[in-house]
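Since the structure comes first, as structure tokens, the remarks are kept for the end.
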Amino acid sequence: MKLDRIDIKILHELQKNGRITNVELAEVVHLSPSPCLMRVKRLQSEGYIEGYSAQVNIGKLGQTLTVFTEITLKNHRQVDFARFLAVVDKIEQVIECHLVSGGYDYLMKFVTSGIAEYQTIMERLTDMDIGIDKYFSFVVLKSPIVKAHMPLPSLFPR
């Protein structure tokens, strides 16, 4: 399926506000409601829209600790990466895990209840012998800019 400028605009608006009504969305993308709804349904059926969720204000629930962690593996065979990922995928506090180029292998984002929980997780990971050579932790002090949406119109201009 080939996406046009209107499809990109629909996706952009929905990722910013998943609760927007079809009438409001149609107005923003300059369509009448019926064709707009048909496009949204097509985008859903084609897998461009994977689902809808609430953005929870975690700060209102209580204090948390966010840590970015650089992880270097001892070996770099496919089996080593797979073994590592199989374990970290099961850790609920791992919010993101990226295989990166450069001086280390993975950049991970943890959100925990505090430093003690983070340290317990890291000690458990290093004790499990899943191939971690070393890791460096970067505790987030403040997050002045956090965006929940991607800049779709500039990434995919049509």
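All residue names refer to the structure tokens as shown: chains lettered A, B, ... in order, residues numbered from 1 in each chain, ligands numbered from 1 in order.
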12 Å contact set for segment 93-100 of chain A, only C-alpha atoms, chain neighbours under 3 positions out, as a ChimeraX atom specification: /A:64-73,76,81-82,84-90,103-114,117-122
Could you dump the residues just selected with N, CA, C and O atoms as a compact mmCIF listing (two decimals), in the first residue's frame?
# COMPACT_ATOMS: atom_id res chain seq x y z
N THR A 64 10.20 7.90 40.43
CA THR A 64 10.84 6.82 39.68
C THR A 64 12.27 7.23 39.36
O THR A 64 12.65 8.39 39.53
N LEU A 65 13.02 6.28 38.86
CA LEU A 65 14.39 6.53 38.43
C LEU A 65 14.52 6.04 37.00
O LEU A 65 14.17 4.90 36.70
N THR A 66 15.01 6.91 36.13
CA THR A 66 15.28 6.53 34.74
C THR A 66 16.79 6.45 34.57
O THR A 66 17.51 7.37 34.96
N VAL A 67 17.24 5.36 33.98
CA VAL A 67 18.67 5.15 33.78
C VAL A 67 18.90 4.69 32.34
O VAL A 67 18.24 3.76 31.87
N PHE A 68 19.83 5.33 31.66
CA PHE A 68 20.30 4.85 30.37
C PHE A 68 21.56 4.05 30.64
O PHE A 68 22.43 4.49 31.40
N THR A 69 21.65 2.88 30.04
CA THR A 69 22.77 1.98 30.31
C THR A 69 23.40 1.53 29.01
O THR A 69 22.72 1.05 28.11
N GLU A 70 24.72 1.71 28.93
CA GLU A 70 25.49 1.19 27.80
C GLU A 70 25.98 -0.20 28.19
O GLU A 70 26.57 -0.36 29.25
N ILE A 71 25.73 -1.17 27.35
CA ILE A 71 26.14 -2.54 27.65
C ILE A 71 27.02 -3.06 26.52
O ILE A 71 26.68 -2.94 25.34
N THR A 72 28.15 -3.63 26.92
CA THR A 72 29.07 -4.27 25.97
C THR A 72 29.08 -5.76 26.26
O THR A 72 29.23 -6.17 27.42
N LEU A 73 28.91 -6.56 25.22
CA LEU A 73 28.95 -8.01 25.37
C LEU A 73 30.38 -8.53 25.18
O LEU A 73 31.18 -7.91 24.47
N HIS A 76 30.50 -11.50 20.14
CA HIS A 76 29.58 -10.86 19.21
C HIS A 76 29.04 -11.80 18.14
O HIS A 76 28.84 -11.41 17.00
N PHE A 81 24.07 -12.43 21.03
CA PHE A 81 23.05 -11.38 21.01
C PHE A 81 21.68 -11.97 21.36
O PHE A 81 20.93 -11.38 22.14
N ALA A 82 21.37 -13.12 20.79
CA ALA A 82 20.06 -13.75 21.03
C ALA A 82 19.90 -14.13 22.50
O ALA A 82 18.83 -13.92 23.08
N PHE A 84 21.37 -12.77 25.13
CA PHE A 84 21.22 -11.53 25.89
C PHE A 84 19.80 -10.98 25.75
O PHE A 84 19.14 -10.66 26.75
N LEU A 85 19.32 -10.88 24.52
CA LEU A 85 17.99 -10.30 24.28
C LEU A 85 16.87 -11.15 24.87
O LEU A 85 15.86 -10.61 25.34
N ALA A 86 17.02 -12.45 24.85
CA ALA A 86 15.99 -13.33 25.42
C ALA A 86 15.78 -13.05 26.90
O ALA A 86 14.66 -13.11 27.40
N VAL A 87 16.86 -12.70 27.59
CA VAL A 87 16.76 -12.41 29.02
C VAL A 87 16.22 -11.00 29.27
O VAL A 87 15.28 -10.81 30.04
N VAL A 88 16.81 -9.99 28.61
CA VAL A 88 16.40 -8.62 28.90
C VAL A 88 14.98 -8.31 28.41
O VAL A 88 14.32 -7.44 28.97
N ASP A 89 14.52 -9.05 27.42
CA ASP A 89 13.15 -8.85 26.94
C ASP A 89 12.11 -9.17 28.02
O ASP A 89 11.01 -8.63 28.01
N LYS A 90 12.49 -9.99 28.98
CA LYS A 90 11.56 -10.38 30.05
C LYS A 90 11.59 -9.43 31.24
O LYS A 90 10.81 -9.59 32.17
N GLY A 103 31.21 2.35 20.48
CA GLY A 103 32.04 1.72 21.48
C GLY A 103 31.37 0.71 22.38
O GLY A 103 32.02 0.11 23.24
N TYR A 104 30.09 0.50 22.24
CA TYR A 104 29.37 -0.50 23.03
C TYR A 104 28.29 -1.11 22.15
O TYR A 104 28.08 -0.68 21.03
N ASP A 105 27.62 -2.13 22.67
CA ASP A 105 26.67 -2.88 21.84
C ASP A 105 25.23 -2.41 21.97
O ASP A 105 24.54 -2.24 20.97
N TYR A 106 24.76 -2.24 23.20
CA TYR A 106 23.35 -1.90 23.43
C TYR A 106 23.24 -0.64 24.26
O TYR A 106 24.00 -0.43 25.21
N LEU A 107 22.26 0.17 23.92
CA LEU A 107 21.84 1.30 24.75
C LEU A 107 20.46 0.96 25.25
O LEU A 107 19.55 0.73 24.45
N MET A 108 20.33 0.88 26.57
CA MET A 108 19.05 0.48 27.16
C MET A 108 18.51 1.58 28.05
O MET A 108 19.27 2.35 28.63
N LYS A 109 17.20 1.63 28.14
CA LYS A 109 16.53 2.58 29.03
C LYS A 109 15.75 1.78 30.06
O LYS A 109 14.89 0.97 29.71
N PHE A 110 16.07 2.03 31.31
CA PHE A 110 15.38 1.40 32.43
C PHE A 110 14.55 2.45 33.15
O PHE A 110 14.99 3.60 33.30
N VAL A 111 13.38 2.08 33.62
CA VAL A 111 12.61 2.91 34.55
C VAL A 111 12.32 2.02 35.75
O VAL A 111 11.66 0.97 35.61
N THR A 112 12.84 2.43 36.90
CA THR A 112 12.70 1.63 38.12
C THR A 112 12.14 2.49 39.25
O THR A 112 12.02 3.72 39.12
N SER A 113 11.87 1.85 40.37
CA SER A 113 11.35 2.58 41.54
C SER A 113 12.46 3.33 42.25
O SER A 113 12.19 4.20 43.07
N GLY A 114 13.71 3.00 41.96
CA GLY A 114 14.82 3.70 42.60
C GLY A 114 16.14 3.02 42.27
O GLY A 114 16.20 2.02 41.56
N GLU A 117 16.53 -0.81 43.18
CA GLU A 117 15.92 -1.75 42.24
C GLU A 117 16.77 -1.87 40.97
O GLU A 117 17.01 -2.97 40.47
N TYR A 118 17.26 -0.75 40.46
CA TYR A 118 18.11 -0.78 39.28
C TYR A 118 19.37 -1.61 39.54
O TYR A 118 19.74 -2.47 38.74
N GLN A 119 20.01 -1.37 40.69
CA GLN A 119 21.24 -2.09 41.00
C GLN A 119 20.98 -3.59 41.15
O GLN A 119 21.77 -4.41 40.70
N THR A 120 19.85 -3.95 41.73
CA THR A 120 19.48 -5.36 41.87
C THR A 120 19.33 -6.01 40.50
O THR A 120 19.81 -7.13 40.27
N ILE A 121 18.69 -5.31 39.59
CA ILE A 121 18.51 -5.84 38.23
C ILE A 121 19.87 -6.03 37.56
O ILE A 121 20.14 -7.08 36.96
N MET A 122 20.74 -5.04 37.66
CA MET A 122 22.04 -5.13 37.01
C MET A 122 22.91 -6.23 37.63
O MET A 122 23.61 -6.94 36.91
Write down as a list in words the residues of segment 37-113 of chain A whose backbone DSSP state falls under strand (DSSP E). Leu65, Thr66, Val67, Phe68, Thr69, Glu70, Ile71, Thr72, Leu73, Val94, Ile95, Glu96, Cys97, His98, Leu99, Tyr106, Leu107, Met108, Lys109, Phe110, Val111 and Thr112 of chain A
Serialized selection, C-alpha atoms, as a PDB file, in the first residue's frame:
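Here's the written file selection21.pdb:
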ATOM      1  CA  LEU A  65      14.390   6.531  38.433  1.00  0.00           C
ATOM      2  CA  THR A  66      15.281   6.525  34.743  1.00  0.00           C
ATOM      3  CA  VAL A  67      18.672   5.152  33.780  1.00  0.00           C
ATOM      4  CA  PHE A  68      20.303   4.851  30.366  1.00  0.00           C
ATOM      5  CA  THR A  69      22.767   1.979  30.311  1.00  0.00           C
ATOM      6  CA  GLU A  70      25.492   1.192  27.803  1.00  0.00           C
ATOM      7  CA  ILE A  71      26.142  -2.541  27.646  1.00  0.00           C
ATOM      8  CA  THR A  72      29.066  -4.265  25.972  1.00  0.00           C
ATOM      9  CA  LEU A  73      28.954  -8.014  25.372  1.00  0.00           C
ATOM     10  CA  VAL A  94      13.567  -2.296  30.408  1.00  0.00           C
ATOM     11  CA  ILE A  95      11.603   0.261  28.426  1.00  0.00           C
ATOM     12  CA  GLU A  96      13.893   0.428  25.383  1.00  0.00           C
ATOM     13  CA  CYS A  97      16.817  -1.601  24.065  1.00  0.00           C
ATOM     14  CA  HIS A  98      18.779  -0.502  21.000  1.00  0.00           C
ATOM     15  CA  LEU A  99      21.626  -2.284  19.219  1.00  0.00           C
ATOM     16  CA  TYR A 106      23.354  -1.898  23.432  1.00  0.00           C
ATOM     17  CA  LEU A 107      21.844   1.299  24.752  1.00  0.00           C
ATOM     18  CA  MET A 108      19.054   0.477  27.163  1.00  0.00           C
ATOM     19  CA  LYS A 109      16.530   2.584  29.030  1.00  0.00           C
ATOM     20  CA  PHE A 110      15.383   1.402  32.435  1.00  0.00           C
ATOM     21  CA  VAL A 111      12.614   2.907  34.551  1.00  0.00           C
ATOM     22  CA  THR A 112      12.698   1.632  38.122  1.00  0.00           C
TER      23      THR A 112
END
By how many Å are atom CA of His12 of chain A and atom CA of Pro153 of chain A apart? 7.2 Å
Give the helix (DSSP H, G or I) residues of chain A, as DSSP finds them on the backbone, and put them as a PyMOL selection string. chain A and resi 5-16+22-28+33-45+58-61+78-88+115-127+152-155
Please produce a file of the residues just selected, as a CSV table (one decimal), in the first residue's frame, where the atoms kept are C-alpha atoms.
chain,number,residue,atom,x,y,z
A,5,ARG,CA,0.4,13.1,2.2
A,6,ILE,CA,-3.1,12.7,3.7
A,7,ASP,CA,-2.3,9.2,5.1
A,8,ILE,CA,0.8,10.6,6.8
A,9,LYS,CA,-1.1,13.5,8.2
A,10,ILE,CA,-3.8,11.1,9.6
A,11,LEU,CA,-1.0,9.0,11.2
A,12,HIS,CA,0.7,12.1,12.6
A,13,GLU,CA,-2.5,13.4,14.2
A,14,LEU,CA,-3.6,10.0,15.6
A,15,GLN,CA,-0.2,9.5,17.3
A,16,LYS,CA,-0.6,12.9,18.9
A,22,ASN,CA,-13.3,11.0,13.2
A,23,VAL,CA,-15.1,14.3,12.5
A,24,GLU,CA,-12.3,16.3,14.1
A,25,LEU,CA,-9.6,14.3,12.3
A,26,ALA,CA,-11.4,14.7,9.0
A,27,GLU,CA,-11.4,18.5,9.5
A,28,VAL,CA,-7.7,18.6,10.3
A,33,PRO,CA,-15.7,12.1,7.6
A,34,SER,CA,-16.5,9.1,5.5
A,35,PRO,CA,-13.4,9.0,3.4
A,36,CYS,CA,-11.3,9.8,6.5
A,37,LEU,CA,-12.8,6.9,8.4
A,38,MET,CA,-12.1,4.6,5.4
A,39,ARG,CA,-8.5,5.7,5.4
A,40,VAL,CA,-8.1,5.1,9.1
A,41,LYS,CA,-9.6,1.6,8.8
A,42,ARG,CA,-7.3,0.8,5.9
A,43,LEU,CA,-4.2,2.1,7.9
A,44,GLN,CA,-5.3,-0.2,10.7
A,45,SER,CA,-5.9,-3.2,8.5
A,58,ILE,CA,4.2,8.6,35.8
A,59,GLY,CA,5.2,11.5,37.9
A,60,LYS,CA,1.7,11.7,39.4
A,61,LEU,CA,2.0,8.1,40.6
A,78,GLN,CA,24.5,-14.1,16.7
A,79,VAL,CA,23.9,-16.6,19.6
A,80,ASP,CA,25.4,-14.2,22.1
A,81,PHE,CA,23.1,-11.4,21.0
A,82,ALA,CA,20.1,-13.8,21.0
A,83,ARG,CA,20.9,-15.1,24.5
A,84,PHE,CA,21.2,-11.5,25.9
A,85,LEU,CA,18.0,-10.3,24.3
A,86,ALA,CA,16.0,-13.3,25.4
A,87,VAL,CA,16.8,-12.4,29.0
A,88,VAL,CA,16.4,-8.6,28.9
A,115,ILE,CA,18.5,3.1,42.5
A,116,ALA,CA,18.3,-0.1,44.7
A,117,GLU,CA,15.9,-1.8,42.2
A,118,TYR,CA,18.1,-0.8,39.3
A,119,GLN,CA,21.2,-2.1,41.0
A,120,THR,CA,19.5,-5.4,41.9
A,121,ILE,CA,18.5,-5.8,38.2
A,122,MET,CA,22.0,-5.1,37.0
A,123,GLU,CA,23.6,-7.5,39.6
A,124,ARG,CA,21.2,-10.2,38.6
A,125,LEU,CA,22.0,-9.7,34.9
A,126,THR,CA,25.8,-9.8,35.5
A,127,ASP,CA,25.4,-12.9,37.7
A,152,LEU,CA,6.1,11.9,10.4
A,153,PRO,CA,5.5,14.7,7.9
A,154,SER,CA,9.2,15.7,7.9
A,155,LEU,CA,10.3,12.0,7.9
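Atom to atom, atom CA of Ile20 of chain A and atom CA of Leu3 of chain A stand 20.8 Å apart.
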With distances taken over only C-alpha atoms, which residue among A:Asp129, A:Phe156, A:Pro151, A:Gly62 lies nearest Lys2 of chain A?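 Ranking A:Asp129, A:Phe156, A:Pro151, A:Gly62 by distance to Lys2 of chain A, first place goes to A:Phe156.
The space separating atom CA of Ser101 of chain A from atom CA of Gly47 of chain A comes to 28.9 Å.
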